[in-house]
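**Student:** I'd like to ask you about the structure that follows.
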Amino acid sequence: MERGDLPVRRAPLEVDAEEFRRLGHATVDAIADFLDSLPGRRVAPGESADEVRAALGGGGLPERGMAPDELLAESARLLLDHSLFNGHPRFFGYITSSAAPIGALGDLLAAAVNPNVGAWPLSPLASELEAQTVRWIAELLGYPPSCGGVLVSGGNMANFIGFLAARRARAPWDVRADGIAAAEGATLRAYVSAETHTWIEKAADLFGHGTETIRWIEVDSGQRLRVDALRERIAADRAAGDLPFLVVGTAGSVSTGAIDPLDELATVCREEGLWFHVDGAYGAPAAALPDAPPDLKALAVADSVAVDPHKWLYAALEAGCILVREPRALLDTFTYRPPYYRLAEGEDAPVNFVDYGPQNSRGFRALKVWLGLRQVGREGYVRMISDDIALARDLHALAAADGELEAWTQSLSITTFRYVPPGLEPGSPEAEAYLNELNREILDRLDQGGDVYLSNAVVDGTYLLRACIVNFRTGPADVRALATAVTRAGAEVDRELGAAGFTR
């Protein structure tokens with residue numbers, strides 16, 4: 001082809017509109033068939049790493065390419081035959097939700113336009129849509145919609161930004177210019193519960209504090225941070241010349257879904273002049289429920305809140321979000337203005353997300369989240385989150401009523417329990433050691449079997465089976481199937497361990 005008297009370039013990656021339409025129809029049909037077949041599939045393939053590698057095939061970079069239709073069909077087969085399906089109704093494992101189908105289509109649309117949502121001139125509509133999405137998430141949680149915020153990859157990055165904003169706001173020197181060393185012997189201290197996610201260790205390590213600067217505060221019998229112990233530790237550190245700057249409250253711990261006493265922690269932070277950050281990566285969306293516990297609703301008074309739409313807002317990976325009460329705190333932490341940016345400044349300037357976090361080039365994560373919020377609204381999310389919690393409570397009740405299951409904790413949509421074989425009395429060191437080994441083996445067997453998928457928690461040294469429901473496809477029949485699968489596997493493993501010489 002020619003355009004005027006010049007040849008038209010035809011790059012190997014180009015696909016014309018008709019071919020794209022044909023490829024797209026075939027791919028969407030394959031995805032639709034997959035979603036329809038999902039309840040009848042294995043939750044996990046139960047394969048070894050060597051088996052998956054063999055299916056993918058070895059060899060180096062191909063010298064020549066492959067027809068797009070063949071390539072897409074092969075990719076679909078590989079993914080559907082060798083993946084763990086967190087959207088399966090019997091996936092009860094980690095806090096990774098079933099993803100809203102509209103988000104998959106949104107990601108296709110976002111990738112087709114491919115805006116760089118780092119600067120407004122590069123992404124006018126995408127920037128405004130992300131700003132609206134941040135406001136809507138804040139409204140859903142009961143957090144001030146006038147806050148600043150940005151979408152990031154997930155909970156770690158959202159919490160990192162809260163950590164950095166806290167350090168910038170509370171360090172009594174210019175930490176951006178002079179760094180941590182300017183403390184001159186004093187130590188910046190962060191205070192977290194013993195149940196806090198490991199992001200805090202990564203933050204202290206990556207940002208130059210060192211993990212030994214973290215103060216791990218003991219928890220009570222409900223796995224909640226003890227406020228009295230926090231006050232004592234802060235007072236002792238101040239007396240030693242240290243510089244407390246941050247308290248982290250957890251709104252839904254990974255192991256049990258525990259919610260720290262956020263209102264009391266906010267009071268401590270106000271009295272002590274500390275930044276109050278809430279890690280609500282998992283549990284924060286439940287603050288939207290009319291019957292949410294007061295401790296959870298108290299996240300509204302935090303200086304910053306991390307929340308993951310790819311957890312309990314059912315968005316596809318990746319989608320995390322950080323909300324900061326005072327937008328200026330983010331700008332003070334991340335803004336630089338080299339001459340090549342050419343970005344408008346001032347109160348009426350449009351949002352440039354490069355100023356709100358560590359990324360310059362940023363993908364259009366917000367569209368899939370925005371589409372979900374538009375599709376179902378507040379009412380839809382309240383209904384789905386309430387259903388997940390009700391199912392987790394049903395599982396706890398089933399475990400409590402079953403003579404071979406022992407119910408332990410229940411908070412938000414996480415239930416922990418364990419299998420206890422008939423005739424075994426828990427409590428002695430020997431019995432507890434046996435039960436820990438028994439339930440470890442049950443978990444491995446179930447996850448390899450493919451009928452259900454669980455994870456584990458360890459509470460006060462006790463190894464427990466842990467079911468987390470953040471899945472709009474899960475129903476009562478799936479919860480009952482889980483309980484049945486555990487008792488069946490438990491009886492089998494108990495017989496085998498006995499035959500192998502394990503003593504109760």
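Here's how to read the names in the structure tokens: chain A, B, ... by the order shown, residue numbers from 1 in each chain, ligand numbers from 1 in the order shown.
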Residues near range 282-288 of chain A, anyone? I mean within 6 Å using only C-alpha atoms, not counting same-chain ones fewer than 4 positions away, as a CSV table (one decimal) with all heavy atoms, in the first residue's frame.
**Tutor:**
```csv
chain,number,residue,atom,x,y,z
A,140,LEU,N,-17.4,5.2,49.8
A,140,LEU,CA,-17.9,3.8,50.1
A,140,LEU,C,-17.5,3.5,51.5
A,140,LEU,O,-18.2,2.9,52.3
A,140,LEU,CB,-17.4,2.8,49.1
A,140,LEU,CG,-17.9,1.4,49.3
A,140,LEU,CD1,-19.4,1.2,49.1
A,140,LEU,CD2,-17.1,0.4,48.4
A,141,LEU,N,-16.2,3.8,51.9
A,141,LEU,CA,-15.7,3.4,53.2
A,141,LEU,C,-16.1,4.4,54.3
A,141,LEU,O,-15.8,4.1,55.5
A,141,LEU,CB,-14.1,3.4,53.1
A,141,LEU,CG,-13.4,2.6,52.1
A,141,LEU,CD1,-11.9,2.6,52.3
A,141,LEU,CD2,-14.0,1.2,52.0
A,251,ALA,N,-7.3,-3.4,59.9
A,251,ALA,CA,-8.7,-3.5,59.7
A,251,ALA,C,-8.9,-4.8,58.9
A,251,ALA,O,-9.1,-4.8,57.6
A,251,ALA,CB,-9.3,-2.3,59.0
A,252,GLY,N,-8.8,-5.9,59.6
A,252,GLY,CA,-8.9,-7.2,58.9
A,252,GLY,C,-7.6,-7.9,58.7
A,252,GLY,O,-7.0,-7.8,57.7
A,292,ALA,N,-21.7,-2.6,60.3
A,292,ALA,CA,-20.2,-2.7,60.5
A,292,ALA,C,-19.9,-2.4,61.9
A,292,ALA,O,-20.5,-1.4,62.5
A,292,ALA,CB,-19.5,-1.8,59.5
A,296,LEU,N,-14.4,-0.8,63.0
A,296,LEU,CA,-14.1,-0.7,61.6
A,296,LEU,C,-14.5,0.6,61.0
A,296,LEU,O,-13.7,1.2,60.3
A,296,LEU,CB,-14.8,-1.9,60.9
A,296,LEU,CG,-14.5,-2.0,59.4
A,296,LEU,CD1,-13.0,-2.2,59.2
A,296,LEU,CD2,-15.3,-3.2,58.8
A,297,LYS,N,-15.6,1.1,61.4
A,297,LYS,CA,-16.0,2.5,60.9
A,297,LYS,C,-15.1,3.6,61.3
A,297,LYS,O,-15.0,4.6,60.7
A,297,LYS,CB,-17.5,2.8,61.4
A,297,LYS,CG,-18.5,2.0,60.6
A,297,LYS,CD,-19.9,2.4,61.0
A,297,LYS,CE,-21.0,1.7,60.2
A,297,LYS,NZ,-21.0,2.1,58.7
```
**Student:** Do a neighbour search on Arg418 in chain A at 12 Å with only C-alpha atoms, toss out local chain neighbours closer than 2 positions, and write the hits as a PyMOL selection string.
**Tutor:** chain A and resi 395-396+398-400+402-409+415-416+420-421+426+432+435-443+454-459+462-467+483+486-487+489-490
**Student:** Can you write out the residues you just picked, keeping N, CA and C atoms, as a compact mmCIF listing (two decimals), in the first residue's frame?
**Tutor:**
```txt
# COMPACT_ATOMS: atom_id res chain seq x y z
N LEU A 395 -20.20 -21.27 57.95
CA LEU A 395 -19.14 -22.27 58.06
C LEU A 395 -18.72 -22.44 59.51
N HIS A 396 -18.60 -21.35 60.24
CA HIS A 396 -18.24 -21.44 61.65
C HIS A 396 -19.29 -22.23 62.41
N LEU A 398 -21.33 -24.51 61.15
CA LEU A 398 -21.21 -25.91 60.74
C LEU A 398 -20.09 -26.61 61.49
N ALA A 399 -18.94 -25.93 61.59
CA ALA A 399 -17.81 -26.53 62.31
C ALA A 399 -18.13 -26.74 63.78
N ALA A 400 -18.83 -25.78 64.38
CA ALA A 400 -19.17 -25.89 65.80
C ALA A 400 -20.15 -27.04 66.04
N ASP A 402 -20.38 -29.84 64.16
CA ASP A 402 -19.85 -31.11 63.65
C ASP A 402 -18.96 -31.74 64.71
N GLY A 403 -19.20 -32.99 65.02
CA GLY A 403 -18.42 -33.66 66.05
C GLY A 403 -16.97 -33.88 65.70
N GLU A 404 -16.61 -33.75 64.40
CA GLU A 404 -15.22 -33.96 63.99
C GLU A 404 -14.51 -32.66 63.62
N LEU A 405 -15.19 -31.54 63.74
CA LEU A 405 -14.57 -30.24 63.47
C LEU A 405 -14.62 -29.39 64.72
N GLU A 406 -13.63 -28.55 64.88
CA GLU A 406 -13.56 -27.66 66.03
C GLU A 406 -13.46 -26.23 65.51
N ALA A 407 -14.51 -25.44 65.77
CA ALA A 407 -14.54 -24.05 65.33
C ALA A 407 -13.62 -23.21 66.20
N TRP A 408 -12.89 -22.29 65.57
CA TRP A 408 -12.01 -21.39 66.31
C TRP A 408 -12.47 -19.94 66.12
N THR A 409 -11.86 -19.22 65.23
CA THR A 409 -12.17 -17.80 65.14
C THR A 409 -13.13 -17.51 63.98
N THR A 415 -13.07 -17.59 58.56
CA THR A 415 -13.36 -18.56 59.62
C THR A 415 -12.18 -19.51 59.73
N THR A 416 -11.74 -19.77 60.95
CA THR A 416 -10.71 -20.78 61.17
C THR A 416 -11.28 -21.92 62.00
N VAL A 420 -10.62 -32.62 64.27
CA VAL A 420 -10.25 -33.37 65.47
C VAL A 420 -10.90 -34.75 65.37
N PRO A 421 -10.12 -35.80 65.21
CA PRO A 421 -10.73 -37.12 65.01
C PRO A 421 -11.47 -37.61 66.25
N PRO A 426 -8.31 -32.96 72.71
CA PRO A 426 -7.27 -31.93 72.55
C PRO A 426 -6.81 -31.40 73.90
N GLU A 432 -1.85 -31.93 70.86
CA GLU A 432 -1.77 -30.72 70.05
C GLU A 432 -0.73 -30.87 68.93
N LEU A 435 -2.41 -33.01 66.30
CA LEU A 435 -3.43 -32.28 65.57
C LEU A 435 -2.82 -31.27 64.60
N ASN A 436 -1.73 -30.64 64.99
CA ASN A 436 -1.06 -29.72 64.07
C ASN A 436 -0.57 -30.47 62.82
N GLU A 437 0.07 -31.62 63.04
CA GLU A 437 0.56 -32.40 61.91
C GLU A 437 -0.60 -32.92 61.06
N LEU A 438 -1.65 -33.37 61.71
CA LEU A 438 -2.81 -33.90 61.00
C LEU A 438 -3.44 -32.83 60.10
N ASN A 439 -3.64 -31.64 60.63
CA ASN A 439 -4.31 -30.59 59.85
C ASN A 439 -3.40 -30.02 58.77
N ARG A 440 -2.09 -30.03 58.98
CA ARG A 440 -1.17 -29.65 57.90
C ARG A 440 -1.32 -30.59 56.71
N GLU A 441 -1.39 -31.87 57.00
CA GLU A 441 -1.51 -32.86 55.94
C GLU A 441 -2.88 -32.78 55.27
N ILE A 442 -3.92 -32.51 56.04
CA ILE A 442 -5.26 -32.34 55.45
C ILE A 442 -5.25 -31.19 54.44
N LEU A 443 -4.65 -30.07 54.83
CA LEU A 443 -4.60 -28.91 53.94
C LEU A 443 -3.87 -29.25 52.64
N LEU A 454 -8.03 -24.31 50.35
CA LEU A 454 -7.98 -23.63 51.64
C LEU A 454 -6.59 -23.05 51.87
N SER A 455 -6.46 -22.29 52.95
CA SER A 455 -5.15 -21.89 53.44
C SER A 455 -5.11 -22.19 54.94
N ASN A 456 -4.12 -21.66 55.64
CA ASN A 456 -3.98 -21.98 57.05
C ASN A 456 -3.74 -20.72 57.86
N ALA A 457 -3.94 -20.84 59.16
CA ALA A 457 -3.57 -19.81 60.13
C ALA A 457 -2.95 -20.52 61.32
N VAL A 458 -2.08 -19.82 62.03
CA VAL A 458 -1.52 -20.33 63.28
C VAL A 458 -1.89 -19.33 64.37
N VAL A 459 -2.69 -19.77 65.32
CA VAL A 459 -3.17 -18.91 66.40
C VAL A 459 -2.68 -19.49 67.72
N THR A 462 -1.40 -22.96 67.52
CA THR A 462 -2.31 -23.98 67.00
C THR A 462 -2.47 -23.81 65.49
N TYR A 463 -2.22 -24.87 64.77
CA TYR A 463 -2.35 -24.88 63.31
C TYR A 463 -3.81 -25.08 62.94
N LEU A 464 -4.36 -24.14 62.19
CA LEU A 464 -5.77 -24.17 61.86
C LEU A 464 -5.98 -24.11 60.36
N LEU A 465 -7.09 -24.68 59.93
CA LEU A 465 -7.55 -24.50 58.57
C LEU A 465 -8.27 -23.15 58.50
N ARG A 466 -8.04 -22.44 57.42
CA ARG A 466 -8.57 -21.08 57.29
C ARG A 466 -9.32 -20.93 55.98
N ALA A 467 -10.57 -20.53 56.08
CA ALA A 467 -11.39 -20.28 54.90
C ALA A 467 -11.70 -18.80 54.82
N ALA A 483 -16.97 -28.31 54.30
CA ALA A 483 -16.98 -29.02 55.58
C ALA A 483 -16.93 -30.52 55.36
N VAL A 486 -13.40 -31.63 54.31
CA VAL A 486 -12.44 -31.64 55.42
C VAL A 486 -12.62 -32.88 56.28
N THR A 487 -13.85 -33.22 56.62
CA THR A 487 -14.06 -34.39 57.47
C THR A 487 -13.66 -35.68 56.74
N ALA A 489 -11.35 -35.96 54.26
CA ALA A 489 -9.90 -36.01 54.21
C ALA A 489 -9.30 -36.24 55.58
N GLY A 490 -9.91 -35.66 56.61
CA GLY A 490 -9.40 -35.83 57.96
C GLY A 490 -9.41 -37.27 58.41
```
**Student:** Quote the spacing between CA of Asp263 in chain A and CA of Arg231 in chain A in Å to one decimal place.
**Tutor:**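 Between these atoms lies a distance of 14.3 Å.
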**Student:** Enumerate as a PyMOL selection string all residues of range 226-358 of chain A assigned to helix (DSSP H, G or I) by DSSP on the backbone, naming them with the chain letters and numbers the document uses.
**Tutor:** chain A and resi 227-239+262-272+284-288+294-301+309-312+327-334+353-355
**Student:** So which residues touch Ala119 in chain A within 12 Å, counting only C-alpha atoms, skipping near sequence neighbours fewer than 3 positions away, as a PyMOL selection string?
**Tutor:** chain A and resi 115-116+122-128+130+341-345+349-357+359-364
**Student:** Take the residues just selected and output them with N, CA, C and O atoms as a short mmCIF file (atom, residue, chain, number, x, y, z; two decimals), in the first residue's frame.
**Tutor:**
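Here's the written file result.cif:
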```
data_model
loop_
_atom_site.label_atom_id
_atom_site.label_comp_id
_atom_site.auth_asym_id
_atom_site.auth_seq_id
_atom_site.Cartn_x
_atom_site.Cartn_y
_atom_site.Cartn_z
N PRO A 115 -3.36 4.68 27.93
CA PRO A 115 -2.92 5.98 28.45
C PRO A 115 -1.87 5.82 29.54
O PRO A 115 -1.88 4.84 30.29
N ASN A 116 -0.96 6.77 29.62
CA ASN A 116 0.01 6.82 30.70
C ASN A 116 -0.57 7.74 31.78
O ASN A 116 -0.53 8.96 31.65
N LEU A 122 -1.04 13.45 29.34
CA LEU A 122 -0.89 12.16 28.67
C LEU A 122 -2.14 11.29 28.81
O LEU A 122 -2.25 10.26 28.14
N SER A 123 -3.06 11.68 29.69
CA SER A 123 -4.20 10.82 30.00
C SER A 123 -5.35 11.65 30.57
O SER A 123 -5.73 11.46 31.74
N PRO A 124 -5.91 12.56 29.81
CA PRO A 124 -6.92 13.47 30.38
C PRO A 124 -8.12 12.73 30.99
O PRO A 124 -8.43 12.90 32.18
N LEU A 125 -8.77 11.89 30.20
CA LEU A 125 -9.95 11.19 30.70
C LEU A 125 -9.56 10.18 31.78
O LEU A 125 -10.21 10.07 32.82
N ALA A 126 -8.49 9.42 31.55
CA ALA A 126 -8.07 8.40 32.51
C ALA A 126 -7.70 9.02 33.85
O ALA A 126 -8.01 8.47 34.91
N SER A 127 -7.05 10.18 33.84
CA SER A 127 -6.69 10.85 35.09
C SER A 127 -7.93 11.27 35.86
O SER A 127 -8.04 11.08 37.08
N GLU A 128 -8.88 11.87 35.16
CA GLU A 128 -10.10 12.32 35.83
C GLU A 128 -10.92 11.13 36.32
O GLU A 128 -11.52 11.18 37.40
N GLU A 130 -9.69 8.22 37.26
CA GLU A 130 -9.03 7.68 38.45
C GLU A 130 -9.31 8.55 39.66
O GLU A 130 -9.57 8.04 40.76
N TYR A 341 9.04 18.26 32.64
CA TYR A 341 7.68 17.80 32.94
C TYR A 341 6.62 18.70 32.28
O TYR A 341 5.62 18.24 31.80
N ARG A 342 6.79 20.01 32.32
CA ARG A 342 5.84 20.96 31.74
C ARG A 342 4.40 20.70 32.21
O ARG A 342 3.47 20.57 31.41
N LEU A 343 4.22 20.57 33.51
CA LEU A 343 2.91 20.30 34.09
C LEU A 343 2.37 21.55 34.76
O LEU A 343 3.09 22.29 35.42
N ALA A 344 1.08 21.77 34.60
CA ALA A 344 0.44 22.92 35.22
C ALA A 344 0.45 22.76 36.73
O ALA A 344 0.34 21.65 37.26
N GLU A 345 0.58 23.87 37.45
CA GLU A 345 0.58 23.86 38.91
C GLU A 345 -0.44 24.87 39.42
O GLU A 345 -0.94 25.71 38.68
N ALA A 349 -5.11 23.41 38.95
CA ALA A 349 -4.43 22.54 38.00
C ALA A 349 -5.04 21.14 38.07
O ALA A 349 -5.44 20.67 39.14
N PRO A 350 -5.13 20.44 36.95
CA PRO A 350 -5.65 19.06 36.99
C PRO A 350 -4.67 18.14 37.73
O PRO A 350 -3.49 18.46 37.90
N VAL A 351 -5.18 16.99 38.16
CA VAL A 351 -4.37 16.06 38.94
C VAL A 351 -3.32 15.39 38.05
O VAL A 351 -3.61 14.97 36.93
N ASN A 352 -2.10 15.35 38.55
CA ASN A 352 -1.01 14.61 37.91
C ASN A 352 -0.57 13.54 38.91
O ASN A 352 0.05 13.84 39.94
N PHE A 353 -0.90 12.28 38.64
CA PHE A 353 -0.68 11.24 39.63
C PHE A 353 0.78 10.93 39.88
O PHE A 353 1.11 10.25 40.85
N VAL A 354 1.66 11.46 39.03
CA VAL A 354 3.08 11.33 39.32
C VAL A 354 3.42 11.99 40.66
O VAL A 354 4.40 11.62 41.33
N ASP A 355 2.61 12.96 41.09
CA ASP A 355 2.83 13.67 42.35
C ASP A 355 2.27 12.95 43.57
O ASP A 355 2.44 13.41 44.70
N TYR A 356 1.59 11.83 43.36
CA TYR A 356 0.88 11.17 44.45
C TYR A 356 1.49 9.83 44.85
O TYR A 356 0.99 9.17 45.77
N GLY A 357 2.54 9.41 44.15
CA GLY A 357 3.15 8.13 44.47
C GLY A 357 4.49 7.98 43.78
O GLY A 357 4.98 8.91 43.12
N GLN A 359 5.44 6.06 41.21
CA GLN A 359 5.52 5.75 39.77
C GLN A 359 5.44 7.02 38.93
O GLN A 359 4.72 7.96 39.27
N ASN A 360 6.17 7.00 37.82
CA ASN A 360 5.99 8.00 36.77
C ASN A 360 5.04 7.44 35.70
O ASN A 360 3.94 7.92 35.54
N SER A 361 5.49 6.44 34.97
CA SER A 361 4.61 5.77 34.01
C SER A 361 3.66 4.86 34.78
O SER A 361 4.07 4.05 35.60
N ARG A 362 2.38 5.03 34.50
CA ARG A 362 1.36 4.27 35.23
C ARG A 362 0.29 3.79 34.26
O ARG A 362 -0.18 4.54 33.42
N GLY A 363 -0.10 2.51 34.42
CA GLY A 363 -1.18 1.97 33.62
C GLY A 363 -2.54 2.45 34.11
O GLY A 363 -2.68 3.04 35.18
N PHE A 364 -3.56 2.17 33.31
CA PHE A 364 -4.92 2.63 33.58
C PHE A 364 -5.64 1.59 34.43
O PHE A 364 -6.55 0.91 33.98
#
```
**Student:** Please return, as a PyMOL selection string, all residues of range 140-289 of chain A that DSSP assigns to strand (DSSP E or B) on the basis of the backbone.
**Tutor:** chain A and resi 148-152+188-193+214-217+219+225+243-251+259+275-279
